[in-house]
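Engineer: Next comes the structure file model-v6.pdb, holding PDB, C-alpha atoms.
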```pdb
MODEL        1
ATOM      1  CA  MET A  12       0.000   0.000   0.000
ATOM      2  CA  HIS A  13       2.968   2.323   0.402
ATOM      3  CA  ASN A  14       6.634   2.380  -0.528
ATOM      4  CA  ARG A  15       9.293   4.621   0.981
ATOM      5  CA  ARG A  16      12.846   4.703  -0.352
ATOM      6  CA  VAL A  17      15.608   6.461   1.538
ATOM      7  CA  GLU A  18      19.011   6.822  -0.114
ATOM      8  CA  CYS A  19      22.064   8.492   1.378
ATOM      9  CA  GLU A  20      25.555   8.896  -0.090
ATOM     10  CA  GLY A  21      28.748  10.494   1.146
ATOM     11  CA  TYR A  22      31.398  12.212  -0.982
ATOM     12  CA  ARG A  23      34.812  13.680  -0.411
ATOM     13  CA  ARG A  24      35.392  17.066  -2.040
ATOM     14  CA  THR A  25      38.641  18.347  -3.477
ATOM     15  CA  ASP A  26      38.587  21.327  -1.111
ATOM     16  CA  GLY A  27      38.742  19.124   1.992
ATOM     17  CA  LEU A  28      35.048  19.341   2.841
ATOM     18  CA  TRP A  29      32.528  16.507   2.656
ATOM     19  CA  GLU A  30      29.073  16.243   1.155
ATOM     20  CA  ILE A  31      26.312  13.993   2.425
ATOM     21  CA  GLU A  32      23.358  13.682   0.086
ATOM     22  CA  GLY A  33      20.033  12.174   1.060
ATOM     23  CA  ARG A  34      16.750  11.622  -0.716
ATOM     24  CA  ILE A  35      13.386  10.318   0.458
ATOM     25  CA  VAL A  36      10.768   9.162  -2.058
ATOM     26  CA  ASP A  37       7.256   7.960  -1.185
ATOM     27  CA  THR A  38       4.996   6.263  -3.746
ATOM     28  CA  LYS A  39       1.629   4.496  -3.836
ATOM     29  CA  PRO A  40       0.876   1.464  -6.033
ATOM     30  CA  PHE A  41      -2.528   2.877  -6.948
ATOM     31  CA  ALA A  42      -3.900   6.075  -8.458
ATOM     32  CA  VAL A  43      -5.181   8.837  -6.187
ATOM     33  CA  ASP A  44      -6.906  12.174  -6.644
ATOM     34  CA  GLU A  45      -5.382  14.957  -4.570
ATOM     35  CA  THR A  46      -6.823  18.358  -3.715
ATOM     36  CA  TYR A  47      -3.841  20.372  -4.965
ATOM     37  CA  ARG A  48      -2.069  18.173  -7.494
ATOM     38  CA  GLY A  49      -5.144  16.537  -8.972
ATOM     39  CA  HIS A  50      -5.025  13.022 -10.400
ATOM     40  CA  ARG A  51      -1.893  11.073  -9.507
ATOM     41  CA  PRO A  52      -1.251   7.810 -11.370
ATOM     42  CA  ALA A  53      -0.044   4.692  -9.615
ATOM     43  CA  GLY A  54       3.643   4.953  -8.785
ATOM     44  CA  ALA A  55       3.730   8.747  -8.871
ATOM     45  CA  ASP A  56       5.840  10.378  -6.172
ATOM     46  CA  VAL A  57       3.900  11.413  -3.097
ATOM     47  CA  HIS A  58       7.062  12.947  -1.667
ATOM     48  CA  ASN A  59      10.407  13.491  -3.360
ATOM     49  CA  ILE A  60      12.670  15.441  -1.027
ATOM     50  CA  ALA A  61      16.441  15.794  -1.221
ATOM     51  CA  ILE A  62      19.001  17.309   1.143
ATOM     52  CA  ARG A  63      22.683  18.053   0.646
ATOM     53  CA  LEU A  64      24.799  18.646   3.754
ATOM     54  CA  THR A  65      28.300  20.094   3.474
ATOM     55  CA  ILE A  66      30.372  19.304   6.556
ATOM     56  CA  ASP A  67      33.971  19.681   7.640
ATOM     57  CA  GLU A  68      36.357  17.280   9.392
ATOM     58  CA  ASP A  69      34.742  18.136  12.729
ATOM     59  CA  PHE A  70      31.259  17.234  11.442
ATOM     60  CA  VAL A  71      30.200  20.875  11.597
ATOM     61  CA  VAL A  72      27.570  21.817   9.009
ATOM     62  CA  ARG A  73      29.068  24.382   6.655
ATOM     63  CA  ASP A  74      26.170  24.504   4.204
ATOM     64  CA  ILE A  75      22.803  22.854   3.594
ATOM     65  CA  GLU A  76      20.527  22.696   0.569
ATOM     66  CA  VAL A  77      16.967  21.327   0.630
ATOM     67  CA  LEU A  78      15.029  20.500  -2.535
ATOM     68  CA  MET A  79      11.369  19.501  -2.747
ATOM     69  CA  PRO A  80      10.585  18.577  -6.379
ATOM     70  CA  GLU A  81       7.457  16.665  -5.301
ATOM     71  CA  VAL A  82       5.345  17.517  -2.252
ATOM     72  CA  PRO A  83       1.556  17.315  -1.803
ATOM     73  CA  TYR A  84       0.988  20.941  -0.793
ATOM     74  CA  PRO A  85       2.380  24.156  -2.292
ATOM     75  CA  THR A  86       3.077  25.501   1.198
ATOM     76  CA  CYS A  87       5.550  22.694   2.001
ATOM     77  CA  THR A  88       8.435  24.536   0.379
ATOM     78  CA  GLY A  89       7.931  27.417   2.799
ATOM     79  CA  ALA A  90       9.868  25.426   5.388
ATOM     80  CA  ILE A  91      13.021  25.225   3.271
ATOM     81  CA  PRO A  92      14.704  28.446   4.509
ATOM     82  CA  ASN A  93      14.504  27.272   8.122
ATOM     83  CA  TYR A  94      16.949  24.454   7.421
ATOM     84  CA  ARG A  95      19.667  27.049   6.836
ATOM     85  CA  LYS A  96      19.611  27.611  10.592
ATOM     86  CA  LEU A  97      21.399  24.269  10.967
ATOM     87  CA  ILE A  98      24.584  25.791   9.554
ATOM     88  CA  GLY A  99      27.090  25.758  12.390
ATOM     89  CA  ALA A 100      25.473  22.789  14.144
ATOM     90  CA  ARG A 101      27.599  19.687  14.690
ATOM     91  CA  ILE A 102      26.646  16.131  13.765
ATOM     92  CA  GLY A 103      27.180  13.955  16.823
ATOM     93  CA  ALA A 104      25.805  13.953  20.327
ATOM     94  CA  GLY A 105      22.930  16.416  20.411
ATOM     95  CA  TRP A 106      22.306  16.374  16.651
ATOM     96  CA  ARG A 107      18.726  15.151  16.987
ATOM     97  CA  LYS A 108      18.024  17.790  19.612
ATOM     98  CA  ALA A 109      19.523  20.515  17.414
ATOM     99  CA  VAL A 110      17.467  19.423  14.411
ATOM    100  CA  ASN A 111      14.234  19.327  16.379
ATOM    101  CA  ALA A 112      14.948  22.734  17.908
ATOM    102  CA  VAL A 113      15.393  24.331  14.479
ATOM    103  CA  VAL A 114      12.956  22.488  12.206
ATOM    104  CA  GLY A 115      10.752  20.586  14.625
ATOM    105  CA  SER A 116       6.969  20.788  14.713
ATOM    106  CA  THR A 117       5.569  23.572  12.501
ATOM    107  CA  SER A 118       9.007  25.009  11.669
ATOM    108  CA  GLY A 119       9.942  22.249   9.260
ATOM    109  CA  CYS A 120       8.881  19.378   7.046
ATOM    110  CA  THR A 121       8.412  16.091   8.901
ATOM    111  CA  HIS A 122       9.956  14.021   6.107
ATOM    112  CA  ALA A 123      12.941  16.313   5.504
ATOM    113  CA  ARG A 124      13.585  16.376   9.232
ATOM    114  CA  GLU A 125      13.493  12.571   9.437
ATOM    115  CA  LEU A 126      15.942  12.342   6.528
ATOM    116  CA  LEU A 127      18.576  14.271   8.480
ATOM    117  CA  PHE A 128      18.962  11.424  10.983
ATOM    118  CA  PRO A 129      20.102   8.618   8.632
ATOM    119  CA  MET A 130      22.229  11.244   6.872
ATOM    120  CA  ALA A 131      24.085  11.766  10.147
ATOM    121  CA  THR A 132      24.835   8.040  10.307
ATOM    122  CA  VAL A 133      26.144   8.123   6.742
ATOM    123  CA  ALA A 134      28.331  11.103   7.659
ATOM    124  CA  PHE A 135      30.112   8.983  10.265
ATOM    125  CA  GLN A 136      30.435   6.057   7.876
ATOM    126  CA  THR A 137      31.890   8.409   5.257
ATOM    127  CA  LEU A 138      34.444  10.208   7.406
ATOM    128  CA  TYR A 139      35.597   7.539   9.833
ATOM    129  CA  GLY A 140      38.394   5.392   8.526
ATOM    130  CA  TRP A 141      36.977   3.968   5.342
ATOM    131  CA  GLU A 142      38.465   6.628   3.070
ATOM    132  CA  ASP A 143      41.983   6.137   4.427
ATOM    133  CA  ALA A 144      42.774   3.579   1.732
ATOM    134  CA  MET A 145      42.311   6.342  -0.842
ATOM    135  CA  ALA A 146      44.246   9.005   1.054
ATOM    136  CA  SER A 147      47.947   9.671   0.703
ATOM    137  CA  PRO A 148      50.229   9.105   3.731
ATOM    138  CA  GLU A 149      50.476  12.889   4.124
ATOM    139  CA  GLU A 150      46.690  13.265   4.152
ATOM    140  CA  ARG A 151      46.294  10.480   6.696
ATOM    141  CA  ALA A 152      48.910  12.023   8.966
ATOM    142  CA  GLU A 153      47.355  15.480   8.669
ATOM    143  CA  ARG A 154      43.883  14.147   9.422
ATOM    144  CA  ALA A 155      45.086  12.136  12.409
ATOM    145  CA  ALA A 156      46.777  15.220  13.854
ATOM    146  CA  HIS A 157      43.611  17.237  13.286
ATOM    147  CA  ASN A 158      41.453  14.656  15.057
ATOM    148  CA  ILE A 159      43.831  14.430  18.018
ATOM    149  CA  ALA A 160      43.872  18.197  18.406
ATOM    150  CA  GLY A 161      40.092  18.311  18.258
ATOM    151  CA  ARG A 162      39.677  15.590  20.864
ATOM    152  CA  LYS A 163      42.119  17.297  23.198
ATOM    153  CA  GLY A 164      40.226  20.545  22.745
ATOM    154  CA  GLN A 165      37.069  18.769  23.902
ATOM    155  CA  GLY A 166      38.838  17.434  26.976
ATOM    156  CA  ALA A 167      38.571  13.843  25.712
ATOM    157  CA  ASP A 168      41.190  11.126  25.346
ATOM    158  CA  PRO A 169      42.473  11.714  21.790
ATOM    159  CA  ASP A 170      43.085   8.003  21.280
ATOM    160  CA  ARG A 171      39.573   6.882  22.236
ATOM    161  CA  PRO A 172      37.369   6.328  19.165
ATOM    162  CA  GLN A 173      34.225   8.424  19.384
ATOM    163  CA  PHE A 174      32.008   5.533  18.333
ATOM    164  CA  LEU A 175      32.766   3.446  21.435
ATOM    165  CA  ASP A 176      29.657   2.819  23.557
ATOM    166  CA  GLY A 177      27.526   3.985  20.652
ATOM    167  CA  CYS A 178      25.819   0.643  20.028
ATOM    168  CA  TYR A 179      25.544  -2.926  21.317
ATOM    169  CA  SER A 180      28.628  -4.372  19.615
ATOM    170  CA  TRP A 181      30.775  -1.316  20.359
ATOM    171  CA  SER A 182      29.971  -1.388  24.071
ATOM    172  CA  SER A 183      33.203  -1.134  26.041
ATOM    173  CA  GLU A 184      31.988  -4.167  28.000
ATOM    174  CA  ARG A 185      31.871  -6.459  24.968
ATOM    175  CA  GLU A 186      34.263  -8.670  23.057
ATOM    176  CA  VAL A 187      34.726  -6.444  20.002
ATOM    177  CA  VAL A 188      36.175  -3.575  22.047
ATOM    178  CA  ALA A 189      38.204  -5.973  24.199
ATOM    179  CA  ARG A 190      39.766  -7.377  21.036
ATOM    180  CA  LEU A 191      40.216  -4.236  18.933
ATOM    181  CA  TYR A 192      40.634  -1.559  21.611
ATOM    182  CA  PRO A 193      41.677  -3.414  24.789
ATOM    183  CA  ARG A 194      42.855  -0.199  26.416
ATOM    184  CA  PHE A 195      39.288   1.056  26.561
ATOM    185  CA  ALA A 196      37.599  -2.224  27.476
ATOM    186  CA  ARG A 197      35.659  -2.369  30.728
ATOM    187  CA  PRO A 198      35.090  -5.898  32.023
ATOM    188  CA  THR A 199      31.564  -6.579  33.166
ATOM    189  CA  SER A 200      30.588  -8.482  36.243
ATOM    190  CA  SER A 201      27.466  -9.881  34.566
ATOM    191  CA  PRO A 202      27.990 -13.512  33.413
ATOM    192  CA  PRO A 203      26.830 -14.565  29.948
ATOM    193  CA  ALA A 204      23.390 -16.119  29.598
ATOM    194  CA  VAL A 205      23.363 -19.881  30.241
ATOM    195  CA  GLU A 206      20.826 -22.661  29.938
ATOM    196  CA  GLY A 207      18.004 -22.052  32.378
ATOM    197  CA  ASP A 208      18.702 -18.328  32.585
ATOM    198  CA  SER A 209      15.426 -16.379  32.397
ATOM    199  CA  THR A 210      16.802 -13.902  29.843
ATOM    200  CA  ALA A 211      18.009 -16.641  27.542
ATOM    201  CA  THR A 212      14.669 -18.475  27.962
ATOM    202  CA  ARG A 213      12.700 -15.354  27.053
ATOM    203  CA  SER A 214      14.911 -14.765  23.998
ATOM    204  CA  ARG A 215      14.395 -18.341  22.757
ATOM    205  CA  SER A 216      10.662 -18.039  23.360
ATOM    206  CA  ALA A 217      10.465 -14.785  21.365
ATOM    207  CA  LEU A 218      12.476 -16.326  18.526
ATOM    208  CA  SER A 219      10.223 -19.375  18.477
ATOM    209  CA  SER A 220       7.125 -17.165  18.280
ATOM    210  CA  ALA A 221       8.622 -15.178  15.407
ATOM    211  CA  GLU A 222       9.468 -18.371  13.523
ATOM    212  CA  GLN A 223       5.919 -19.706  14.013
ATOM    213  CA  TYR A 224       4.483 -16.429  12.727
ATOM    214  CA  SER A 225       6.702 -16.536   9.628
ATOM    215  CA  ALA A 226       5.703 -20.152   8.975
ATOM    216  CA  LYS A 227       2.007 -19.261   9.099
ATOM    217  CA  ARG A 228       2.520 -16.505   6.538
TER     218      ARG A 228
ENDMDL
END
```
Before we go any further, please render this structure as C-alpha cells.
Structural biologist:
Amino acid sequence: MHNRRVECEGYRRTDGLWEIEGRIVDTKPFAVDETYRGHRPAGADVHNIAIRLTIDEDFVVRDIEVLMPEVPYPTCTGAIPNYRKLIGARIGAGWRKAVNAVVGSTSGCTHARELLFPMATVAFQTLYGWEDAMASPEERAERAAHNIAGRKGQGADPDRPQFLDGCYSWSSEREVVARLYPRFARPTSSPPAVEGDSTATRSRSALSSAEQYSAKR
C-alpha cells in the first residue's frame, strides 16, 4: 500500500570538505486524486525530497541545501529556509536535539527532518576510517593530527574512538572492544546467559514465536 525509499551517499570534495546527500521518495501502487495536485497515477511520487549537507572534518555543518521537487501541498516549500539555521550545528551527540529545535513541529517538514537522521549516520560512515585507503600518507597524517587536536580541545582522550559505547557491539563491555581496543575495554561483572537463565529463555521463546508467525505466513 505504500513504498518509501531512503538513499544516502557520502562524498569527499577536493577542497577538503565533505558532502552527504540524502533523498526520500514515497509512492503508492494505486492512483489517487489529490486536492492540490489533482489526479496522480499509480507509482507517482507522493514525496520526493532531497538534502545536501556540506560538513567539515569536525562534522560541523558548513552549508545545507533542501530541494522539494514533489510535495503534496504548495506551502511545504515554505519550510526550506529554516533548514539554513542548521549551519554551524555539529553532527554527533545532540544532533537530533539541534534538528528538532530548528525544524521541529511547525518550523519544518516532517519528512525532511526525518531524513537528516540517517544522513548523520552516513556522515560517520563516510568520514571515519573507510576513506583512508584512498588518502595519501600525508593526508592520513594530517587528518590524524587534526582529530587528536580536536579531541584534546574537547577534553577527551584523543586516542579513544568516538564511536565506542555507541551501540551494542561497540559497548566497552563487549568482546569487540576488548579485542580491537583493549585499552578502553571495561570488564563486566554480569555472566553470559546460560541454559536455564530467564533472559536466555525469554529470547528463545520470542524467537520461536517469530518463527511460528513466519511459517504461518
Engineer: For this file, the PyMOL selection byres ((chain A and resi 99) around 12) selects which residues, as a VMD selection string?
Structural biologist: chain A and resid 64 to 67 69 to 75 94 to 98 100 to 102 106 109 to 110 113
Engineer: Kindly extract all protein, DNA and RNA residues lying within 8 Å of the coordinates (25.8, 6.3, 0.4) given in the file, considering only C-alpha atoms, and supply them as a PyMOL selection string.
Structural biologist: chain A and resi 18-21+31-32+133
Engineer: For Val36 (chain A), please output as a list in words all residues within 9 Å (counting all atoms listed in the file; exclusion window: fewer than 6 positions along the same chain).
Structural biologist: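 Listing them by chain and then by number gives Asn14, Arg15, Arg16, Val17, Glu18, Asp56, Val57, His58, Asn59, Ile60, Ala61 and Glu81 of chain A.
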Engineer: Is there a way to get, as a JSON list (two decimals) with C-alpha atoms, in the coordinates of the input, all residues within 12 Å of the point (14.5, 18.0, 16.4) in file coordinates, counting only C-alpha atoms?
Structural biologist:
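Written out: selection_14.json:
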```json
[["chain", "number", "residue", "atom", "x", "y", "z"],
["A", 94, "TYR", "CA", 16.95, 24.45, 7.42],
["A", 97, "LEU", "CA", 21.40, 24.27, 10.97],
["A", 105, "GLY", "CA", 22.93, 16.42, 20.41],
["A", 106, "TRP", "CA", 22.31, 16.37, 16.65],
["A", 107, "ARG", "CA", 18.73, 15.15, 16.99],
["A", 108, "LYS", "CA", 18.02, 17.79, 19.61],
["A", 109, "ALA", "CA", 19.52, 20.52, 17.41],
["A", 110, "VAL", "CA", 17.47, 19.42, 14.41],
["A", 111, "ASN", "CA", 14.23, 19.33, 16.38],
["A", 112, "ALA", "CA", 14.95, 22.73, 17.91],
["A", 113, "VAL", "CA", 15.39, 24.33, 14.48],
["A", 114, "VAL", "CA", 12.96, 22.49, 12.21],
["A", 115, "GLY", "CA", 10.75, 20.59, 14.62],
["A", 116, "SER", "CA", 6.97, 20.79, 14.71],
["A", 117, "THR", "CA", 5.57, 23.57, 12.50],
["A", 118, "SER", "CA", 9.01, 25.01, 11.67],
["A", 119, "GLY", "CA", 9.94, 22.25, 9.26],
["A", 120, "CYS", "CA", 8.88, 19.38, 7.05],
["A", 121, "THR", "CA", 8.41, 16.09, 8.90],
["A", 122, "HIS", "CA", 9.96, 14.02, 6.11],
["A", 123, "ALA", "CA", 12.94, 16.31, 5.50],
["A", 124, "ARG", "CA", 13.58, 16.38, 9.23],
["A", 125, "GLU", "CA", 13.49, 12.57, 9.44],
["A", 126, "LEU", "CA", 15.94, 12.34, 6.53],
["A", 127, "LEU", "CA", 18.58, 14.27, 8.48],
["A", 128, "PHE", "CA", 18.96, 11.42, 10.98]]
```
Engineer: Determine the residue membership of the PyMOL selection byres ((chain A and resi 54) around 12) for the file above and supply it as a list of chain:residue names.
Structural biologist: A:Met12, A:His13, A:Asn14, A:Arg15, A:Val36, A:Asp37, A:Thr38, A:Lys39, A:Pro40, A:Phe41, A:Ala42, A:Val43, A:His50, A:Arg51, A:Pro52, A:Ala53, A:Ala55, A:Asp56, A:Val57, A:His58
Engineer: Name all residues at most 12 Å from Leu191 (chain A) (count all atoms listed in the file; drop same-chain ones fewer than 2 positions away) and give them as a list in words.
Structural biologist: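 Counting all atoms listed in the file, the residues come to Arg171, Pro172, Leu175, Ser180, Trp181, Ser182, Ser183, Arg185, Glu186, Val187, Val188, Ala189, Pro193, Arg194, Phe195 and Ala196 of chain A.
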Engineer: Taking into account only C-alpha atoms, which residue in the set A:Thr199, A:Tyr47, A:Asp170, A:Arg24 is nearest to Cys87 (chain A)?
Structural biologist: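 Closest candidate: A:Tyr47.
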Engineer: When you draw a straight line from CA of Trp29 (chain A) to CA of Pro129 (chain A), how long is it in Å?
Structural biologist: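 Computing the Euclidean distance for CA of Trp29 (chain A) and CA of Pro129 (chain A) yields 15.9 Å.
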Engineer: Each side padded by 4 Å, which centre and which edge lengths in Å (one decimal) define the axis-aligned box around the listed atoms of region 175-189 of chain A? Give them as JSON.
Structural biologist:
```
{"center_x": 31.9, "center_y": -2.3, "center_z": 23.8, "size_x": 20.7, "size_y": 20.7, "size_z": 16.4}
```
Engineer: What gap, in Å, lies between CA of Glu30 (chain A) and CA of Cys178 (chain A)?
Structural biologist: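 Atom-to-atom, CA of Glu30 (chain A) to CA of Cys178 (chain A), that is 24.7 Å.
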Engineer: Distance CA of Ser147 (chain A)-CA of Pro169 (chain A), one decimal place?
Structural biologist: 21.9 Å
Engineer: Can you sort out region 36-71 of chain A so it carries N, CA and C atoms, written as a JSON list (two decimals), keeping the file's coordinate frame?
Structural biologist:
```
[["chain", "number", "residue", "atom", "x", "y", "z"],
["A", 36, "VAL", "N", 11.80, 9.23, -1.02],
["A", 36, "VAL", "CA", 10.77, 9.16, -2.06],
["A", 36, "VAL", "C", 9.66, 8.23, -1.58],
["A", 37, "ASP", "N", 8.44, 8.75, -1.54],
["A", 37, "ASP", "CA", 7.26, 7.96, -1.18],
["A", 37, "ASP", "C", 6.40, 7.76, -2.43],
["A", 38, "THR", "N", 5.89, 6.55, -2.63],
["A", 38, "THR", "CA", 5.00, 6.26, -3.75],
["A", 38, "THR", "C", 3.86, 5.37, -3.28],
["A", 39, "LYS", "N", 2.78, 5.38, -4.06],
["A", 39, "LYS", "CA", 1.63, 4.50, -3.84],
["A", 39, "LYS", "C", 1.44, 3.61, -5.07],
["A", 40, "PRO", "N", 1.05, 2.35, -4.88],
["A", 40, "PRO", "CA", 0.88, 1.46, -6.03],
["A", 40, "PRO", "C", -0.49, 1.62, -6.71],
["A", 41, "PHE", "N", -1.22, 2.66, -6.35],
["A", 41, "PHE", "CA", -2.53, 2.88, -6.95],
["A", 41, "PHE", "C", -2.71, 4.38, -7.22],
["A", 42, "ALA", "N", -3.63, 4.69, -8.10],
["A", 42, "ALA", "CA", -3.90, 6.08, -8.46],
["A", 42, "ALA", "C", -4.71, 6.76, -7.35],
["A", 43, "VAL", "N", -4.44, 8.06, -7.18],
["A", 43, "VAL", "CA", -5.18, 8.84, -6.19],
["A", 43, "VAL", "C", -5.50, 10.21, -6.79],
["A", 44, "ASP", "N", -6.55, 10.81, -6.26],
["A", 44, "ASP", "CA", -6.91, 12.17, -6.64],
["A", 44, "ASP", "C", -6.65, 13.09, -5.46],
["A", 45, "GLU", "N", -5.76, 14.05, -5.64],
["A", 45, "GLU", "CA", -5.38, 14.96, -4.57],
["A", 45, "GLU", "C", -6.03, 16.33, -4.78],
["A", 46, "THR", "N", -6.18, 17.04, -3.66],
["A", 46, "THR", "CA", -6.82, 18.36, -3.72],
["A", 46, "THR", "C", -6.01, 19.36, -4.52],
["A", 47, "TYR", "N", -4.68, 19.35, -4.33],
["A", 47, "TYR", "CA", -3.84, 20.37, -4.96],
["A", 47, "TYR", "C", -3.20, 19.89, -6.27],
["A", 48, "ARG", "N", -2.78, 18.65, -6.30],
["A", 48, "ARG", "CA", -2.07, 18.17, -7.49],
["A", 48, "ARG", "C", -2.97, 17.43, -8.47],
["A", 49, "GLY", "N", -4.22, 17.22, -8.08],
["A", 49, "GLY", "CA", -5.14, 16.54, -8.97],
["A", 49, "GLY", "C", -4.91, 15.04, -9.05],
["A", 50, "HIS", "N", -5.16, 14.47, -10.23],
["A", 50, "HIS", "CA", -5.03, 13.02, -10.40],
["A", 50, "HIS", "C", -3.55, 12.61, -10.39],
["A", 51, "ARG", "N", -3.26, 11.60, -9.60],
["A", 51, "ARG", "CA", -1.89, 11.07, -9.51],
["A", 51, "ARG", "C", -1.93, 9.60, -9.89],
["A", 52, "PRO", "N", -1.24, 9.22, -10.96],
["A", 52, "PRO", "CA", -1.25, 7.81, -11.37],
["A", 52, "PRO", "C", -0.51, 6.93, -10.38],
["A", 53, "ALA", "N", -0.75, 5.65, -10.46],
["A", 53, "ALA", "CA", -0.04, 4.69, -9.62],
["A", 53, "ALA", "C", 1.46, 4.83, -9.81],
["A", 54, "GLY", "N", 2.19, 4.85, -8.72],
["A", 54, "GLY", "CA", 3.64, 4.95, -8.78],
["A", 54, "GLY", "C", 4.18, 6.37, -8.80],
["A", 55, "ALA", "N", 3.27, 7.35, -8.88],
["A", 55, "ALA", "CA", 3.73, 8.75, -8.87],
["A", 55, "ALA", "C", 4.27, 9.10, -7.49],
["A", 56, "ASP", "N", 5.24, 9.99, -7.45],
["A", 56, "ASP", "CA", 5.84, 10.38, -6.17],
["A", 56, "ASP", "C", 4.84, 11.15, -5.31],
["A", 57, "VAL", "N", 4.65, 10.66, -4.10],
["A", 57, "VAL", "CA", 3.90, 11.41, -3.10],
["A", 57, "VAL", "C", 4.82, 12.48, -2.51],
["A", 58, "HIS", "N", 6.01, 12.03, -2.11],
["A", 58, "HIS", "CA", 7.06, 12.95, -1.67],
["A", 58, "HIS", "C", 8.34, 12.62, -2.44],
["A", 59, "ASN", "N", 9.06, 13.64, -2.82],
["A", 59, "ASN", "CA", 10.41, 13.49, -3.36],
["A", 59, "ASN", "C", 11.20, 14.67, -2.81],
["A", 60, "ILE", "N", 11.97, 14.39, -1.78],
["A", 60, "ILE", "CA", 12.67, 15.44, -1.03],
["A", 60, "ILE", "C", 14.14, 15.09, -0.94],
["A", 61, "ALA", "N", 15.00, 16.03, -1.24],
["A", 61, "ALA", "CA", 16.44, 15.79, -1.22],
["A", 61, "ALA", "C", 17.14, 16.85, -0.36],
["A", 62, "ILE", "N", 18.20, 16.41, 0.31],
["A", 62, "ILE", "CA", 19.00, 17.31, 1.14],
["A", 62, "ILE", "C", 20.47, 17.07, 0.85],
["A", 63, "ARG", "N", 21.23, 18.15, 0.75],
["A", 63, "ARG", "CA", 22.68, 18.05, 0.65],
["A", 63, "ARG", "C", 23.30, 18.80, 1.83],
["A", 64, "LEU", "N", 24.06, 18.06, 2.64],
["A", 64, "LEU", "CA", 24.80, 18.65, 3.75],
["A", 64, "LEU", "C", 26.26, 18.77, 3.37],
["A", 65, "THR", "N", 26.85, 19.92, 3.61],
["A", 65, "THR", "CA", 28.30, 20.09, 3.47],
["A", 65, "THR", "C", 28.87, 20.21, 4.87],
["A", 66, "ILE", "N", 29.80, 19.32, 5.21],
["A", 66, "ILE", "CA", 30.37, 19.30, 6.56],
["A", 66, "ILE", "C", 31.89, 19.30, 6.49],
["A", 67, "ASP", "N", 32.51, 19.69, 7.59],
["A", 67, "ASP", "CA", 33.97, 19.68, 7.64],
["A", 67, "ASP", "C", 34.46, 18.47, 8.44],
["A", 68, "GLU", "N", 35.76, 18.41, 8.69],
["A", 68, "GLU", "CA", 36.36, 17.28, 9.39],
["A", 68, "GLU", "C", 35.83, 17.12, 10.81],
["A", 69, "ASP", "N", 35.29, 18.19, 11.37],
["A", 69, "ASP", "CA", 34.74, 18.14, 12.73],
["A", 69, "ASP", "C", 33.25, 17.89, 12.74],
["A", 70, "PHE", "N", 32.69, 17.53, 11.59],
["A", 70, "PHE", "CA", 31.26, 17.23, 11.44],
["A", 70, "PHE", "C", 30.39, 18.48, 11.64],
["A", 71, "VAL", "N", 30.96, 19.64, 11.49],
["A", 71, "VAL", "CA", 30.20, 20.88, 11.60],
["A", 71, "VAL", "C", 29.57, 21.19, 10.24]]
```
